[in-house]
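Dropping my_file05.cif in here (mmCIF, C-alpha atoms):
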data_run
loop_
_atom_site.label_atom_id
_atom_site.label_comp_id
_atom_site.auth_asym_id
_atom_site.auth_seq_id
_atom_site.Cartn_x
_atom_site.Cartn_y
_atom_site.Cartn_z
CA MET A 193 -70.94 209.52 89.57
CA LYS A 194 -70.06 212.91 88.15
CA ARG A 195 -71.38 215.99 89.86
CA ARG A 196 -71.52 219.65 88.98
CA VAL A 197 -68.39 221.56 89.97
CA ILE A 198 -70.00 224.58 91.58
CA THR A 199 -67.36 225.71 94.04
CA LEU A 200 -64.33 225.44 91.72
CA LEU A 201 -65.53 228.26 89.49
CA ALA A 202 -67.38 230.25 92.13
CA GLY A 203 -64.44 230.26 94.63
CA ALA A 204 -67.08 230.05 97.36
CA LEU A 205 -69.72 227.91 97.45
CA THR A 206 -74.73 230.83 81.39
CA ALA A 207 -76.32 233.08 79.45
CA SER A 208 -76.38 234.37 75.85
CA VAL A 209 -75.47 238.02 75.51
CA ILE A 210 -75.82 240.81 72.97
CA LEU A 211 -72.75 243.02 73.19
CA ALA A 212 -72.97 246.78 72.86
CA GLY A 213 -70.55 249.72 72.92
CA CYS A 214 -67.45 250.63 70.96
CA SER A 215 -64.24 248.61 71.18
CA ALA A 216 -62.37 251.48 72.86
CA SER A 217 -64.66 251.38 75.89
CA LYS A 218 -63.21 250.11 79.15
CA GLY A 219 -66.55 248.58 80.12
CA LEU A 220 -69.37 246.69 78.45
CA GLU A 221 -73.10 246.24 78.68
CA THR A 222 -75.36 243.35 77.72
CA GLU A 223 -79.01 242.59 78.24
CA GLU A 224 -78.12 240.79 81.49
CA LEU A 225 -75.30 242.84 83.02
CA THR A 226 -73.26 246.01 83.06
CA ILE A 227 -69.50 246.08 83.70
CA SER A 228 -68.41 249.66 84.31
CA ASN A 229 -64.71 248.85 83.80
CA TYR A 230 -62.75 245.70 82.97
CA LYS A 231 -60.09 246.71 80.44
CA GLY A 232 -57.15 248.34 82.20
CA VAL A 233 -58.75 247.88 85.60
CA GLU A 234 -56.61 249.21 88.46
CA ILE A 235 -55.40 246.99 91.30
CA ASP A 236 -53.08 247.52 94.25
CA LYS A 237 -49.47 246.86 93.31
CA ILE A 238 -48.26 243.37 94.15
CA ASP A 239 -44.61 242.93 95.07
CA LYS A 240 -42.64 240.77 92.68
CA PRO A 241 -41.27 237.52 94.14
CA GLY A 242 -37.88 237.75 95.81
CA GLU A 243 -34.91 235.45 95.41
CA ILE A 244 -35.01 231.92 96.81
CA THR A 245 -32.41 231.64 99.59
CA ASP A 246 -30.50 228.63 100.88
CA GLU A 247 -32.60 228.94 104.06
CA ASP A 248 -35.79 228.62 102.00
CA VAL A 249 -34.42 225.46 100.40
CA ASP A 250 -33.34 223.99 103.75
CA LYS A 251 -36.77 224.65 105.30
CA ASP A 252 -38.55 222.93 102.43
CA ILE A 253 -36.23 219.92 102.61
CA GLU A 254 -36.68 219.72 106.39
CA THR A 255 -40.44 219.58 105.86
CA SER A 256 -39.98 216.77 103.36
CA LEU A 257 -37.79 214.86 105.81
CA GLN A 258 -40.38 215.20 108.56
CA MET A 259 -43.17 214.07 106.23
CA ASN A 260 -41.17 210.92 105.51
CA ALA A 261 -40.52 210.11 109.16
CA THR A 262 -41.24 206.54 110.26
CA ALA A 263 -42.63 205.41 113.59
CA GLU A 264 -40.29 203.28 115.69
CA ASP A 265 -41.55 201.30 118.69
CA VAL A 266 -39.97 202.20 122.04
CA THR A 267 -39.75 199.37 124.58
CA ASP A 268 -36.68 200.15 126.69
CA ARG A 269 -37.65 203.38 128.44
CA ALA A 270 -40.45 205.47 129.87
CA VAL A 271 -42.52 208.03 127.98
CA GLU A 272 -40.79 211.27 126.94
CA SER A 273 -42.11 214.47 125.39
CA GLY A 274 -42.39 213.99 121.62
CA ASP A 275 -43.39 210.32 121.91
CA THR A 276 -46.67 209.01 120.56
CA VAL A 277 -48.39 206.95 123.25
CA THR A 278 -51.21 204.52 122.52
CA MET A 279 -53.46 204.49 125.58
CA ASP A 280 -56.82 203.69 127.06
CA PHE A 281 -58.42 206.28 129.30
CA VAL A 282 -61.66 206.67 131.20
CA GLY A 283 -62.76 210.10 132.42
CA LYS A 284 -65.14 210.68 135.32
CA ILE A 285 -66.81 213.78 136.73
CA ASP A 286 -68.27 213.37 140.23
CA GLY A 287 -67.57 209.65 139.92
CA GLN A 288 -69.58 209.27 136.70
CA GLU A 289 -68.24 208.64 133.21
CA PHE A 290 -69.14 211.44 130.80
CA GLU A 291 -69.68 211.58 127.06
CA GLY A 292 -66.46 211.91 125.08
CA GLY A 293 -64.31 211.29 128.13
CA SER A 294 -63.20 207.74 127.36
CA ALA A 295 -61.30 206.04 124.55
CA THR A 296 -59.53 202.80 123.68
CA ASP A 297 -56.23 202.54 121.77
CA TYR A 298 -56.02 206.32 121.49
CA PRO A 299 -52.76 207.59 119.90
CA LEU A 300 -51.60 210.78 121.61
CA LEU A 301 -48.54 212.85 120.69
CA ILE A 302 -47.13 214.01 123.98
CA GLY A 303 -46.60 217.74 123.87
CA SER A 304 -49.25 218.39 121.20
CA GLY A 305 -51.55 220.21 123.61
CA SER A 306 -54.52 218.14 122.49
CA PHE A 307 -55.81 217.53 126.02
CA ILE A 308 -56.51 219.77 128.99
CA ASN A 309 -53.52 221.24 130.79
CA GLY A 310 -51.52 218.65 132.72
CA PHE A 311 -52.96 215.52 131.08
CA GLU A 312 -50.09 214.94 128.65
CA ASP A 313 -47.40 215.88 131.17
CA SER A 314 -48.81 213.23 133.51
CA VAL A 315 -47.98 210.50 130.98
CA ILE A 316 -44.28 211.42 130.89
CA GLY A 317 -42.21 209.01 132.98
CA HIS A 318 -44.68 206.14 132.76
CA ASN A 319 -43.85 202.78 131.18
CA ILE A 320 -45.80 200.39 128.98
CA GLY A 321 -48.40 198.61 131.11
CA ASP A 322 -48.69 201.38 133.74
CA MET A 323 -52.22 202.27 134.84
CA TYR A 324 -52.79 205.32 137.02
CA ASP A 325 -55.31 208.01 137.96
CA TRP A 326 -54.75 211.65 137.09
CA LYS A 327 -56.81 214.48 138.56
CA GLY A 328 -57.34 217.66 136.61
CA VAL A 329 -59.70 220.56 136.03
CA PHE A 330 -61.43 221.60 132.82
CA PRO A 331 -60.62 225.24 131.96
CA GLU A 332 -63.30 227.85 132.58
CA ASP A 333 -63.48 228.63 128.87
CA TYR A 334 -63.76 224.98 127.80
CA LYS A 335 -65.76 224.62 124.58
CA ASN A 336 -68.26 222.26 126.24
CA THR A 337 -69.77 224.53 128.89
CA ASP A 338 -71.23 221.54 130.76
CA TYR A 339 -67.68 220.53 131.75
CA ALA A 340 -66.09 223.97 132.07
CA GLY A 341 -64.39 224.51 135.45
CA LYS A 342 -65.24 221.03 136.74
CA ASP A 343 -62.86 218.57 138.41
CA VAL A 344 -62.18 215.42 136.45
CA VAL A 345 -60.37 212.14 137.10
CA PHE A 346 -58.86 210.15 134.24
CA THR A 347 -57.78 206.53 134.62
CA ILE A 348 -54.99 206.13 132.07
CA THR A 349 -53.39 202.91 130.80
CA VAL A 350 -50.17 203.14 128.75
CA LYS A 351 -50.25 200.41 126.08
CA SER A 352 -47.40 201.27 123.72
CA ILE A 353 -44.83 203.96 122.98
CA SER A 354 -43.42 205.00 119.62
CA ARG A 355 -41.32 207.85 118.31
CA ASP A 356 -40.94 209.33 114.83
CA VAL A 357 -37.53 208.81 113.30
CA ILE A 358 -36.67 211.52 110.79
CA PRO A 359 -34.48 210.27 107.92
CA GLU A 360 -31.17 211.90 107.11
CA LEU A 361 -30.67 213.84 103.89
CA THR A 362 -28.68 211.34 101.84
CA ASP A 363 -28.47 210.35 98.19
CA GLU A 364 -30.59 207.30 99.05
CA PHE A 365 -33.31 209.49 100.54
CA VAL A 366 -33.23 211.78 97.49
CA LYS A 367 -33.78 208.83 95.15
CA SER A 368 -36.79 207.75 97.24
CA VAL A 369 -38.60 211.09 96.97
CA SER A 370 -37.48 212.50 93.62
CA GLU A 371 -37.86 211.23 90.07
CA LYS A 372 -35.35 213.77 88.75
CA SER A 373 -32.49 214.04 91.25
CA LYS A 374 -29.97 211.34 92.05
CA ASN A 375 -27.99 213.06 94.80
CA VAL A 376 -28.28 215.77 97.45
CA LYS A 377 -26.74 218.51 95.29
CA GLU A 378 -29.18 217.89 92.43
CA TYR A 379 -32.07 217.68 94.87
CA LYS A 380 -31.31 221.09 96.37
CA GLU A 381 -31.28 222.59 92.89
CA GLU A 382 -34.57 220.86 92.13
CA VAL A 383 -36.15 222.22 95.30
CA LYS A 384 -34.84 225.72 94.57
CA LYS A 385 -36.36 225.61 91.08
CA LYS A 386 -39.67 224.34 92.46
CA LEU A 387 -39.84 227.11 95.06
CA LYS A 388 -39.01 229.73 92.45
CA GLU A 389 -41.76 228.48 90.15
CA LYS A 390 -44.24 228.47 93.02
CA LYS A 391 -43.40 232.07 93.95
CA GLU A 392 -43.80 233.17 90.36
CA LYS A 393 -47.10 231.32 90.05
CA ASP A 394 -48.38 232.83 93.31
CA TYR A 395 -47.42 236.27 91.99
CA ASP A 396 -49.28 235.73 88.72
CA ASN A 397 -52.29 234.31 90.54
CA GLY A 398 -52.32 237.26 92.90
CA ILE A 399 -52.54 239.68 89.98
CA SER A 400 -55.23 237.74 88.13
CA GLN A 401 -57.35 237.23 91.26
CA ALA A 402 -57.10 240.92 92.20
CA ALA A 403 -58.08 242.01 88.69
CA TRP A 404 -60.92 239.49 88.57
CA GLN A 405 -62.31 240.59 91.92
CA LYS A 406 -62.20 244.24 90.86
CA VAL A 407 -64.12 243.38 87.70
CA LEU A 408 -66.73 241.50 89.74
CA ASP A 409 -67.03 244.55 92.00
CA ASN A 410 -67.56 246.66 88.88
CA THR A 411 -70.36 244.40 87.64
CA GLU A 412 -74.09 244.86 88.10
CA ILE A 413 -76.35 241.96 87.20
CA LYS A 414 -79.62 243.30 85.82
CA LYS A 415 -81.50 240.05 86.24
CA TYR A 416 -80.40 236.61 87.37
CA PRO A 417 -81.67 233.49 85.56
CA GLU A 418 -83.88 232.26 88.40
CA ASP A 419 -84.09 228.69 87.08
CA GLU A 420 -80.29 228.38 87.19
CA VAL A 421 -80.12 229.97 90.64
CA LYS A 422 -82.67 227.46 91.93
CA GLU A 423 -80.90 224.52 90.27
CA ILE A 424 -77.55 225.33 91.87
CA ALA A 425 -79.08 226.21 95.25
CA ASP A 426 -81.11 222.99 95.31
CA SER A 427 -77.99 221.00 94.44
CA LEU A 428 -76.05 222.53 97.34
CA ILE A 429 -78.93 222.00 99.78
CA ASP A 430 -79.25 218.37 98.67
CA GLN A 431 -75.57 217.86 99.50
CA TYR A 432 -76.16 219.11 103.05
CA LYS A 433 -79.29 216.98 103.39
CA SER A 434 -77.27 213.92 102.38
CA THR A 435 -74.58 214.82 104.91
CA ALA A 436 -77.21 215.22 107.63
CA GLU A 437 -78.64 211.82 106.74
CA TYR A 438 -75.17 210.29 106.90
CA TYR A 439 -74.82 211.58 110.47
CA GLU A 440 -78.35 210.36 111.24
CA GLN A 441 -79.66 213.85 111.92
CA GLU A 442 -82.62 215.79 110.64
CA TYR A 443 -81.64 218.42 108.08
CA GLU A 444 -82.91 221.29 110.26
CA THR A 445 -81.07 219.97 113.32
CA PHE A 446 -77.84 219.47 111.37
CA ILE A 447 -77.90 223.03 110.01
CA GLN A 448 -78.58 224.51 113.43
CA GLU A 449 -76.01 222.45 115.34
CA GLN A 450 -73.23 222.09 112.78
CA MET A 451 -73.57 225.29 110.77
CA GLY A 452 -74.84 227.59 113.50
CA TYR A 453 -77.68 229.01 111.42
CA SER A 454 -81.42 228.71 111.19
CA VAL A 455 -82.56 226.94 108.02
CA ASP A 456 -83.85 230.23 106.58
CA GLU A 457 -80.52 231.99 107.23
CA PHE A 458 -78.54 229.09 105.79
CA GLU A 459 -80.64 228.76 102.65
CA LYS A 460 -80.36 232.50 102.04
CA GLN A 461 -76.57 232.10 102.10
CA VAL A 462 -76.87 229.18 99.71
CA ASN A 463 -78.98 231.30 97.37
CA ASP A 464 -76.37 234.07 97.53
CA ALA A 465 -73.62 231.54 96.74
CA ALA A 466 -75.59 230.28 93.74
CA LYS A 467 -75.94 233.85 92.45
CA ALA A 468 -72.20 234.44 92.98
CA SER A 469 -71.42 231.36 90.87
CA ILE A 470 -73.75 232.43 88.09
CA LYS A 471 -72.44 236.00 88.17
CA GLN A 472 -68.93 234.75 87.54
CA SER A 473 -70.11 232.61 84.63
CA MET A 474 -71.99 235.56 83.11
CA VAL A 475 -69.03 237.93 83.48
CA THR A 476 -66.65 235.33 82.04
CA LYS A 477 -68.77 234.79 78.95
CA ALA A 478 -69.44 238.50 78.43
CA ILE A 479 -65.73 239.42 78.46
CA ALA A 480 -64.75 236.36 76.41
CA ASP A 481 -67.28 237.30 73.74
CA LYS A 482 -66.27 240.95 73.74
CA GLU A 483 -62.53 240.23 73.49
CA LYS A 484 -62.92 237.17 71.25
CA ILE A 485 -61.26 234.85 73.78
CA LYS A 486 -61.81 231.34 72.42
CA LEU A 487 -61.28 227.98 74.14
CA SER A 488 -59.58 225.95 71.42
CA ASP A 489 -59.04 222.19 71.72
CA ASP A 490 -55.32 222.69 72.34
CA GLU A 491 -55.94 225.37 74.98
CA TYR A 492 -58.56 223.17 76.66
CA LYS A 493 -56.07 220.29 76.93
CA LYS A 494 -53.50 222.66 78.41
CA GLN A 495 -56.02 223.99 80.92
CA LEU A 496 -57.09 220.47 81.93
CA LYS A 497 -53.49 219.54 82.79
CA GLN A 498 -53.12 222.67 84.89
CA MET A 499 -56.47 222.10 86.67
CA ALA A 500 -55.60 218.50 87.46
CA SER A 501 -52.37 219.70 89.07
CA ASP A 502 -54.00 222.63 90.90
CA TYR A 503 -56.86 220.57 92.33
CA GLY A 504 -54.71 217.59 93.36
CA TYR A 505 -55.87 215.00 90.83
CA GLU A 506 -53.49 212.27 89.73
CA ASP A 507 -54.07 213.04 86.06
CA VAL A 508 -56.53 214.56 83.60
CA ASP A 509 -58.55 211.34 83.35
CA GLU A 510 -59.22 211.38 87.09
CA LEU A 511 -60.26 215.04 86.85
CA LYS A 512 -62.67 214.26 84.01
CA GLU A 513 -64.23 211.44 86.00
CA SER A 514 -65.05 213.82 88.86
CA ALA A 515 -66.81 216.59 86.93
CA GLU A 516 -69.04 217.34 83.97
CA GLU A 517 -67.22 218.50 80.85
CA ASP A 518 -69.34 221.66 80.57
CA ASP A 519 -68.21 222.68 84.06
CA LEU A 520 -64.57 222.02 83.22
CA LYS A 521 -64.87 224.12 80.07
CA ASP A 522 -66.43 226.94 82.10
CA ILE A 523 -63.49 226.85 84.49
CA ALA A 524 -60.97 226.73 81.63
CA LEU A 525 -62.56 229.75 79.93
CA ASN A 526 -62.67 231.59 83.26
CA ASN A 527 -58.93 230.95 83.71
CA MET A 528 -58.27 232.39 80.24
CA VAL A 529 -60.33 235.50 80.98
CA LYS A 530 -58.51 236.00 84.27
CA SER A 531 -55.16 235.76 82.48
CA TRP A 532 -56.33 238.32 79.91
CA LEU A 533 -57.44 240.71 82.65
CA ALA A 534 -54.09 240.27 84.43
CA GLU A 535 -52.22 241.16 81.22
CA HIS A 536 -54.32 244.30 80.74
CA CYS A 537 -54.68 245.52 84.33
CA VAL A 538 -52.79 248.44 85.87
CA GLN A 539 -50.99 248.03 89.19
CA VAL A 540 -51.16 251.14 91.34
CA ALA A 541 -48.40 251.65 93.89
CA ALA A 542 -49.82 252.91 97.17
CA SER A 543 -46.67 254.84 98.11
CA ASN A 544 -46.37 257.28 95.19
CA GLY A 545 -49.55 256.75 93.21
CA GLY A 546 -47.52 255.48 90.24
CA LYS A 547 -48.99 253.00 87.82
CA GLU A 548 -47.51 249.88 86.33
CA LYS A 549 -48.96 247.57 83.68
#
Represent the structure contained in this file as structure tokens.
Amino acid sequence: MKRRVITLLAGALTASVILAGCSASKGLETEELTISNYKGVEIDKIDKPGEITDEDVDKDIETSLQMNATAEDVTDRAVESGDTVTMDFVGKIDGQEFEGGSATDYPLLIGSGSFINGFEDSVIGHNIGDMYDWKGVFPEDYKNTDYAGKDVVFTITVKSISRDVIPELTDEFVKSVSEKSKNVKEYKEEVKKKLKEKKEKDYDNGISQAAWQKVLDNTEIKKYPEDEVKEIADSLIDQYKSTAEYYEQEYETFIQEQMGYSVDEFEKQVNDAAKASIKQSMVTKAIADKEKIKLSDDEYKKQLKQMASDYGYEDVDELKESAEEDDLKDIALNNMVKSWLAEHCVQVAASNGGKEK
């Protein structure tokens, strides 16, 4: 089922306008809002991306190698740091088992620091089939205050040992992870190009986001469309109610325990998030109308491809299945407005007060 994409456009959680003012003005005013300045808005200077070094390429490739590591069973030695051990354990405080202190077939990376100090070190040197008791103490600042500072005894059974094997950078590995490169040399060039494009994209996004935020800061909403605020807020609250039901908790209890707020505090934040979403839609439409920024069919297709990539969808069809078309068009138009603002903003260097378009 499709659902409204609220958070994609809002960045956190539309209205017809009558434009006023001359075209030379740096701001605009409508019946619903006033933007004191949007054209040529000033932002802090953002450093241009530097060169991609061989070290950058090597680090990225090393990450790729690690992500493609395979687990290999270890049967001829005892546990070492860096192994993943599948274990059973039973924890007791004052001779009594406690909630969350026991598990079966638990995979633990030795050296990850996932357990209290000393637990993982105690596993080192043990073999498959070993069962032993380990005595420890919960730290004084332990997140569960009921256990903080208390002595604990864990009965641990080592059931299996495995270790990640990181592949070597070979032509065969390259062919398995790349559709473009056929050997290591080509792959390094591919990675370098990818990193360069990412840096340039991050730079462009940094400018557009800074300009967009400054415009939002320069905007005063005269009156919010209360029906739309309520619709979005109710939709968000319904999502949390469904989540609470999934975890078999009352909505009020879930908000208090999981979110750390009273229901009134939480729903006020939801209402603020709904207004933030609507504000962005109103500002987008106002500037688009003023500057005659139109979402053509070709531009919409281009934006959909970019959104599918940015949001991690396999393709445009999958993106369309997850959201209403009106929401996707709102996001596409917002992206176009942000790009326009980035092209027309002024970067101000903090050091000498100079300006750069």
**Request:** Find the residues near stretch 249-257 of chain A: any atom within 9 Å, counting all atoms listed in the file, skip ones fewer than 2 places away on the same chain, and give them as a ChimeraX atom specification.
**Result:** /A:244-247,259-261,358-361,365,369,380-381,383-384,387
Please produce a file of the residues just selected, as an mmCIF file, in the coordinates of the input, where the atoms kept are C-alpha atoms.
data_model
loop_
_atom_site.group_PDB
_atom_site.id
_atom_site.type_symbol
_atom_site.label_atom_id
_atom_site.label_comp_id
_atom_site.auth_asym_id
_atom_site.auth_seq_id
_atom_site.Cartn_x
_atom_site.Cartn_y
_atom_site.Cartn_z
ATOM 1 C CA ILE A 244 -35.010 231.920 96.810
ATOM 2 C CA THR A 245 -32.410 231.640 99.590
ATOM 3 C CA ASP A 246 -30.500 228.630 100.880
ATOM 4 C CA GLU A 247 -32.600 228.940 104.060
ATOM 5 C CA MET A 259 -43.170 214.070 106.230
ATOM 6 C CA ASN A 260 -41.170 210.920 105.510
ATOM 7 C CA ALA A 261 -40.520 210.110 109.160
ATOM 8 C CA ILE A 358 -36.670 211.520 110.790
ATOM 9 C CA PRO A 359 -34.480 210.270 107.920
ATOM 10 C CA GLU A 360 -31.170 211.900 107.110
ATOM 11 C CA LEU A 361 -30.670 213.840 103.890
ATOM 12 C CA PHE A 365 -33.310 209.490 100.540
ATOM 13 C CA VAL A 369 -38.600 211.090 96.970
ATOM 14 C CA LYS A 380 -31.310 221.090 96.370
ATOM 15 C CA GLU A 381 -31.280 222.590 92.890
ATOM 16 C CA VAL A 383 -36.150 222.220 95.300
ATOM 17 C CA LYS A 384 -34.840 225.720 94.570
ATOM 18 C CA LEU A 387 -39.840 227.110 95.060
#
**Message:** Taking 2 positions as the minimum chain separation for residues in the same chain, which residues sit within 12 Å of A:Ile235 when counting all atoms listed in the file? Answer as number ranges by chain.
**Reply:** A: 230-233, 237-238, 398-407, 409, 533-534, 536-542, 545-549
**Request:** Quick one: apply the PyMOL selection byres ((chain A and resi 477-493) around 7) to the file and drop the selected residues here as a list of chain:residue names.
**Result:** A:Val209, A:Leu211, A:Ser473, A:Met474, A:Val475, A:Thr476, A:Lys494, A:Gln495, A:Leu496, A:Lys497, A:Ala524, A:Leu525, A:Val529
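The residue that comes closest to A:Ile413, out of A:Ser352, A:Gln472, A:Gln441, A:Asn319 and on the basis of all atoms listed in the file, is A:Gln472.
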**Message:** List the spatial neighbours of A:Gln448 as JSON, numbers by chain - criterion: any atom at most 12 Å away, only C-alpha atoms, same-chain residues fewer than 4 positions off excluded.
**Reply:** {"A": [432, 436, 441, 442, 443, 444, 452, 453, 454, 455, 456, 457, 458, 459]}
**Item:** Reference answer for the PyMOL selection byres ((chain A and resi 340) around 12), as number ranges by chain
**Value:** A: 285, 308, 328-339, 341-344
